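Reproduced below: structure.tsv, with TSV, C-alpha atoms.
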chain	number	residue	atom	x	y	z
A	1	SER	CA	0.00	0.00	0.00
A	2	GLN	CA	0.99	3.63	-0.16
A	3	GLN	CA	0.92	3.99	3.61
A	4	GLY	CA	3.73	6.00	5.09
A	5	GLU	CA	5.74	4.63	7.97
A	6	GLU	CA	6.99	6.82	10.78
A	7	ASP	CA	10.18	6.21	12.67
A	8	PRO	CA	10.73	5.95	15.57
A	9	GLN	CA	7.47	4.56	16.95
A	10	ALA	CA	8.13	6.37	20.22
A	11	LEU	CA	10.41	9.22	21.21
A	12	SER	CA	11.04	10.58	24.70
A	13	ILE	CA	12.97	13.80	25.26
A	14	GLN	CA	13.43	16.66	27.74
A	15	GLU	CA	11.94	20.09	27.29
A	16	GLY	CA	14.19	22.31	25.25
A	17	GLU	CA	15.61	19.48	23.17
A	18	ASN	CA	14.85	19.01	19.50
A	19	ALA	CA	12.64	16.16	18.31
A	20	THR	CA	13.09	14.56	14.91
A	21	MET	CA	10.62	12.14	13.37
A	22	ASN	CA	10.96	10.43	10.04
A	23	CYS	CA	8.50	9.16	7.48
A	24	SER	CA	9.11	6.81	4.60
A	25	TYR	CA	6.66	6.02	1.82
A	26	LYS	CA	6.49	3.64	-1.08
A	27	THR	CA	5.38	5.31	-4.30
A	28	SER	CA	5.60	8.72	-5.92
A	29	ILE	CA	3.59	11.49	-4.32
A	30	ASN	CA	2.24	14.94	-5.09
A	31	ASN	CA	2.48	16.13	-1.53
A	32	LEU	CA	3.13	14.98	2.03
A	33	GLN	CA	1.45	16.30	5.13
A	34	TRP	CA	2.16	16.05	8.85
A	35	TYR	CA	-0.58	15.87	11.44
A	36	ARG	CA	-0.61	15.92	15.21
A	37	GLN	CA	-2.96	14.06	17.53
A	38	ASN	CA	-3.38	14.69	21.20
A	39	SER	CA	-4.39	11.58	23.10
A	40	GLY	CA	-7.75	10.27	21.87
A	41	ARG	CA	-8.60	13.43	19.96
A	42	GLY	CA	-8.92	14.31	16.30
A	43	LEU	CA	-5.89	14.92	14.12
A	44	VAL	CA	-4.81	18.47	13.43
A	45	HIS	CA	-2.96	19.51	10.30
A	46	LEU	CA	0.52	20.90	10.92
A	47	ILE	CA	2.25	21.44	7.60
A	48	LEU	CA	2.15	20.40	3.96
A	49	ILE	CA	5.12	20.03	1.65
A	50	ARG	CA	4.78	19.54	-2.09
A	51	SER	CA	6.87	17.10	-4.09
A	52	ASN	CA	8.82	19.93	-5.72
A	53	GLU	CA	9.78	21.42	-2.36
A	54	ARG	CA	12.72	20.27	-0.27
A	55	GLU	CA	12.20	22.13	2.97
A	56	LYS	CA	9.49	24.08	4.69
A	57	HIS	CA	9.24	25.94	7.99
A	58	SER	CA	6.33	26.85	10.22
A	59	GLY	CA	7.18	28.33	13.59
A	60	ARG	CA	9.20	25.71	15.48
A	61	LEU	CA	8.49	23.10	12.83
A	62	ARG	CA	10.83	22.22	10.00
A	63	VAL	CA	9.89	19.63	7.41
A	64	THR	CA	12.17	18.20	4.77
A	65	LEU	CA	11.32	16.02	1.82
A	66	ASP	CA	13.66	13.81	-0.19
A	67	THR	CA	11.70	12.32	-3.06
A	68	SER	CA	14.69	10.32	-4.27
A	69	LYS	CA	14.74	8.45	-0.97
A	70	LYS	CA	10.96	8.63	-0.56
A	71	SER	CA	11.33	10.05	2.91
A	72	SER	CA	10.45	13.08	4.97
A	73	SER	CA	11.43	14.35	8.38
A	74	LEU	CA	9.68	16.57	10.89
A	75	LEU	CA	11.86	18.54	13.29
A	76	ILE	CA	10.37	20.26	16.32
A	77	THR	CA	12.86	22.66	17.80
A	78	ALA	CA	13.03	23.69	21.48
A	79	SER	CA	10.31	21.22	22.40
A	80	ARG	CA	7.80	21.87	25.15
A	81	ALA	CA	5.74	19.57	27.34
A	82	ALA	CA	2.70	20.71	25.33
A	83	ASP	CA	4.24	19.12	22.22
A	84	THR	CA	3.55	15.70	23.74
A	85	ALA	CA	1.34	13.99	21.16
A	86	SER	CA	1.35	11.49	18.31
A	87	TYR	CA	2.60	12.72	14.97
A	88	PHE	CA	1.50	11.24	11.66
A	89	CYS	CA	2.65	11.68	8.12
A	90	ALA	CA	0.13	11.39	5.32
A	91	THR	CA	0.68	11.12	1.61
A	92	ASP	CA	-1.43	11.11	-1.47
A	93	ALA	CA	-0.70	8.48	-4.08
A	94	GLY	CA	0.83	10.62	-6.76
A	95	ARG	CA	-0.31	11.13	-10.32
A	96	GLY	CA	-3.64	9.55	-11.05
A	97	SER	CA	-4.52	9.07	-7.40
A	98	THR	CA	-7.96	9.79	-6.03
A	99	LEU	CA	-8.06	13.51	-5.44
A	100	GLY	CA	-8.19	14.27	-1.73
A	101	ARG	CA	-7.46	10.75	-0.54
A	102	LEU	CA	-4.66	10.52	2.02
A	103	TYR	CA	-2.76	7.54	3.38
A	104	PHE	CA	-1.61	7.74	6.99
A	105	GLY	CA	1.23	6.01	8.79
A	106	ARG	CA	1.06	4.50	12.25
A	107	GLY	CA	2.52	7.55	13.92
A	108	THR	CA	5.33	8.51	16.28
A	109	GLN	CA	4.41	9.00	19.93
A	110	LEU	CA	6.41	11.95	21.25
A	111	THR	CA	6.72	12.51	24.98
A	112	VAL	CA	8.37	15.70	26.20
A	113	TRP	CA	9.29	15.70	29.87
A	114	PRO	CA	9.31	18.98	31.83
B	115	GLU	CA	-16.48	28.30	13.33
B	116	ALA	CA	-15.28	25.86	10.69
B	117	GLN	CA	-15.59	22.38	12.07
B	118	VAL	CA	-16.41	18.72	11.65
B	119	THR	CA	-18.82	17.35	14.21
B	120	GLN	CA	-19.50	13.74	15.10
B	121	ASN	CA	-22.20	12.18	17.24
B	122	PRO	CA	-22.22	10.39	19.51
B	123	ARG	CA	-18.77	10.89	21.01
B	124	TYR	CA	-19.00	7.71	23.05
B	125	LEU	CA	-21.16	4.66	22.45
B	126	ILE	CA	-21.39	1.27	24.11
B	127	THR	CA	-23.61	-1.19	22.34
B	128	VAL	CA	-24.19	-4.91	21.92
B	129	THR	CA	-23.47	-7.24	19.05
B	130	GLY	CA	-26.00	-7.02	16.25
B	131	LYS	CA	-27.74	-3.80	17.25
B	132	LYS	CA	-27.70	-1.43	14.27
B	133	LEU	CA	-26.16	1.96	14.89
B	134	THR	CA	-25.35	5.14	13.02
B	135	VAL	CA	-22.57	7.61	13.71
B	136	THR	CA	-23.28	10.99	12.22
B	137	CYS	CA	-20.74	13.35	10.71
B	138	SER	CA	-21.36	16.89	9.55
B	139	GLN	CA	-19.08	19.64	8.22
B	140	ASN	CA	-19.80	23.32	7.63
B	141	MET	CA	-16.95	24.12	5.24
B	142	ASN	CA	-18.62	23.14	1.96
B	143	HIS	CA	-16.03	20.42	1.44
B	144	GLU	CA	-16.54	17.95	-1.38
B	145	TYR	CA	-14.42	15.18	0.09
B	146	MET	CA	-15.41	13.32	3.26
B	147	SER	CA	-13.96	10.22	4.78
B	148	TRP	CA	-14.26	7.80	7.66
B	149	TYR	CA	-11.28	6.27	9.46
B	150	ARG	CA	-10.88	3.88	12.29
B	151	GLN	CA	-7.92	4.00	14.63
B	152	ASP	CA	-6.70	0.99	16.52
B	153	PRO	CA	-3.58	0.65	18.69
B	154	GLY	CA	-0.54	-0.21	16.59
B	155	LEU	CA	-2.44	0.04	13.31
B	156	GLY	CA	-2.67	3.78	12.81
B	157	LEU	CA	-5.55	5.26	10.84
B	158	ARG	CA	-7.23	3.02	8.32
B	159	GLN	CA	-9.74	4.39	5.88
B	160	ILE	CA	-13.19	2.79	5.86
B	161	TYR	CA	-15.09	4.70	3.17
B	162	TYR	CA	-14.74	8.00	1.42
B	163	SER	CA	-16.92	10.25	-0.69
B	164	MET	CA	-15.83	12.60	-3.44
B	165	ASN	CA	-19.17	14.42	-3.59
B	166	VAL	CA	-22.91	13.98	-3.12
B	167	GLU	CA	-24.06	10.48	-4.10
B	168	VAL	CA	-20.45	9.41	-4.80
B	169	THR	CA	-18.94	6.98	-2.29
B	170	ASP	CA	-16.19	4.39	-2.49
B	171	LYS	CA	-14.54	1.78	-0.34
B	172	GLY	CA	-11.39	2.49	1.55
B	173	ASP	CA	-9.04	-0.11	2.96
B	174	VAL	CA	-11.33	-1.70	5.59
B	175	PRO	CA	-14.97	-1.36	4.41
B	176	GLU	CA	-16.31	-4.72	5.59
B	177	GLY	CA	-19.18	-4.40	8.05
B	178	TYR	CA	-19.81	-0.70	7.31
B	179	LYS	CA	-22.09	1.33	5.09
B	180	VAL	CA	-22.16	5.02	4.28
B	181	SER	CA	-24.36	7.44	2.39
B	182	ARG	CA	-23.88	10.95	1.04
B	183	LYS	CA	-27.28	12.46	0.34
B	184	GLU	CA	-26.23	15.98	1.28
B	185	LYS	CA	-22.87	17.65	0.89
B	186	ARG	CA	-22.46	18.41	4.58
B	187	ASN	CA	-23.38	14.99	6.03
B	188	PHE	CA	-21.66	11.62	5.78
B	189	PRO	CA	-23.12	9.10	8.25
B	190	LEU	CA	-21.41	5.80	9.04
B	191	ILE	CA	-23.75	2.87	9.50
B	192	LEU	CA	-23.00	-0.41	11.23
B	193	GLU	CA	-25.86	-2.72	10.32
B	194	SER	CA	-24.81	-5.54	12.65
B	195	PRO	CA	-21.91	-4.44	14.84
B	196	SER	CA	-19.45	-7.01	16.10
B	197	PRO	CA	-16.78	-6.80	18.83
B	198	ASN	CA	-13.99	-6.42	16.25
B	199	GLN	CA	-15.54	-3.07	15.32
B	200	THR	CA	-14.70	-1.72	18.75
B	201	SER	CA	-12.50	1.20	17.83
B	202	LEU	CA	-12.01	4.96	17.72
B	203	TYR	CA	-13.68	6.41	14.64
B	204	PHE	CA	-12.87	9.69	12.92
B	205	CYS	CA	-14.67	11.58	10.23
B	206	ALA	CA	-12.66	13.99	8.09
B	207	SER	CA	-13.35	16.41	5.26
B	208	SER	CA	-11.45	18.51	2.77
B	209	PHE	CA	-11.70	20.25	-0.54
B	210	LYS	CA	-10.65	18.19	-3.51
B	211	GLY	CA	-8.94	19.16	-6.69
B	212	GLN	CA	-5.56	19.34	-8.30
B	213	GLY	CA	-4.15	21.22	-5.37
B	214	ALA	CA	-3.25	19.70	-2.04
B	215	TYR	CA	-5.69	20.22	0.76
B	216	GLU	CA	-5.50	19.57	4.46
B	217	GLN	CA	-8.08	17.34	6.02
B	218	PHE	CA	-10.15	18.55	8.93
B	219	PHE	CA	-10.95	15.91	11.49
B	220	GLY	CA	-13.87	15.50	13.83
B	221	PRO	CA	-13.30	14.88	17.55
B	222	GLY	CA	-13.77	11.13	17.26
B	223	THR	CA	-16.34	8.55	18.35
B	224	ARG	CA	-15.22	5.86	20.72
B	225	LEU	CA	-17.30	2.77	20.05
B	226	THR	CA	-17.40	-0.35	22.20
B	227	VAL	CA	-19.30	-3.39	20.96
B	228	LEU	CA	-19.95	-6.01	23.63
Exercise: express the given structure as structure tokens:
Amino acid sequence: SQQGEEDPQALSIQEGENATMNCSYKTSINNLQWYRQNSGRGLVHLILIRSNEREKHSGRLRVTLDTSKKSSSLLITASRAADTASYFCATDAGRGSTLGRLYFGRGTQLTVWP
Amino acid sequence: EAQVTQNPRYLITVTGKKLTVTCSQNMNHEYMSWYRQDPGLGLRQIYYSMNVEVTDKGDVPEGYKVSRKEKRNFPLILESPSPNQTSLYFCASSFKGQGAYEQFFGPGTRLTVL
């Protein structure tokens, strides 16, 4: 399937440290998105990067995309306890894919200790 | 306020008793989708809809039905629920088109089938 896979499955860090999560996917894509989920709640969109972009920033978030390696990374700088959540990458399925359909990975559980 | 609403938020039922989980969005989105989330399995798509009267199976459609009679509503129907449908369910919506659009998620419905 096209499903992305996040790595690591779980990440535990101290406040102030940076957190890096990775996502790998299988086929070509038009865009890749990152979402955040607080425990048991709905996912919230964080950032979108298109296949012709290599890096994108939004506040303390930095996303990179390497289409040759079919991978993306999400960096959260100067993490805070409030960043504790699960983070998911989601991809479309590239040219010819169903418009709007996204494929989600299993997520990385980030815990930030005060 | 732009949002996706789901009802009920929590439901405990018994095997075989038909139930419907409602989903409504106020953003005039064409695309709507249902996911289930289970520990270790991430989000799996059940059904999606590209527009009114247009629905299609996702990755795990067995045991579910949907309908899209109005643009804003996309109910999920379990005709004869079974314990393996115990899960956390999310409805999501977005625009569709050649561009890339973020999906907006509802707050989730936690379903327990005894």
Show me, as a ChimeraX atom specification, every residue of chain B with an atom at most 10 Å from chain A, counting only C-alpha atoms. /B:118,144-147,151-159,162-164,172-173,202-224
Which residues come within 9 Å of Gly130 in chain B, counting all atoms listed in the file, excluding same-chain residues fewer than 4 positions away, as a PyMOL selection string? chain B and resi 192-196+227
May I ask for the distance between CA of Cys137 in chain B and CA of Asn198 in chain B, given in Å to one decimal place?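 Answer for the CA of Cys137 in chain B to CA of Asn198 in chain B separation: 21.6 Å.
Of note, CA of Tyr161 in chain B and CA of Lys185 in chain B are spaced 15.3 Å apart.
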Contact residues around Thr20 in chain A with only C-alpha atoms at 8 Å, ignoring same-chain residues under 3 positions, as a PyMOL selection string: chain A and resi 73-76
With C-alpha atoms retained, export the selected residues as a compact mmCIF listing (two decimals), in the frame of the given file.
# COMPACT_ATOMS: atom_id res chain seq x y z
CA SER A 73 11.43 14.35 8.38
CA LEU A 74 9.68 16.57 10.89
CA LEU A 75 11.86 18.54 13.29
CA ILE A 76 10.37 20.26 16.32
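One distance worth recording is that between CA of Thr64 in chain A and CA of Lys26 in chain A, which is 16.7 Å.
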Closest to Phe188 in chain B among B:Asn142, B:Gln120, B:Ile160, B:Thr136, using all atoms listed in the file?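 Residue with the minimum atom-to-atom distance to Phe188 in chain B: B:Thr136.
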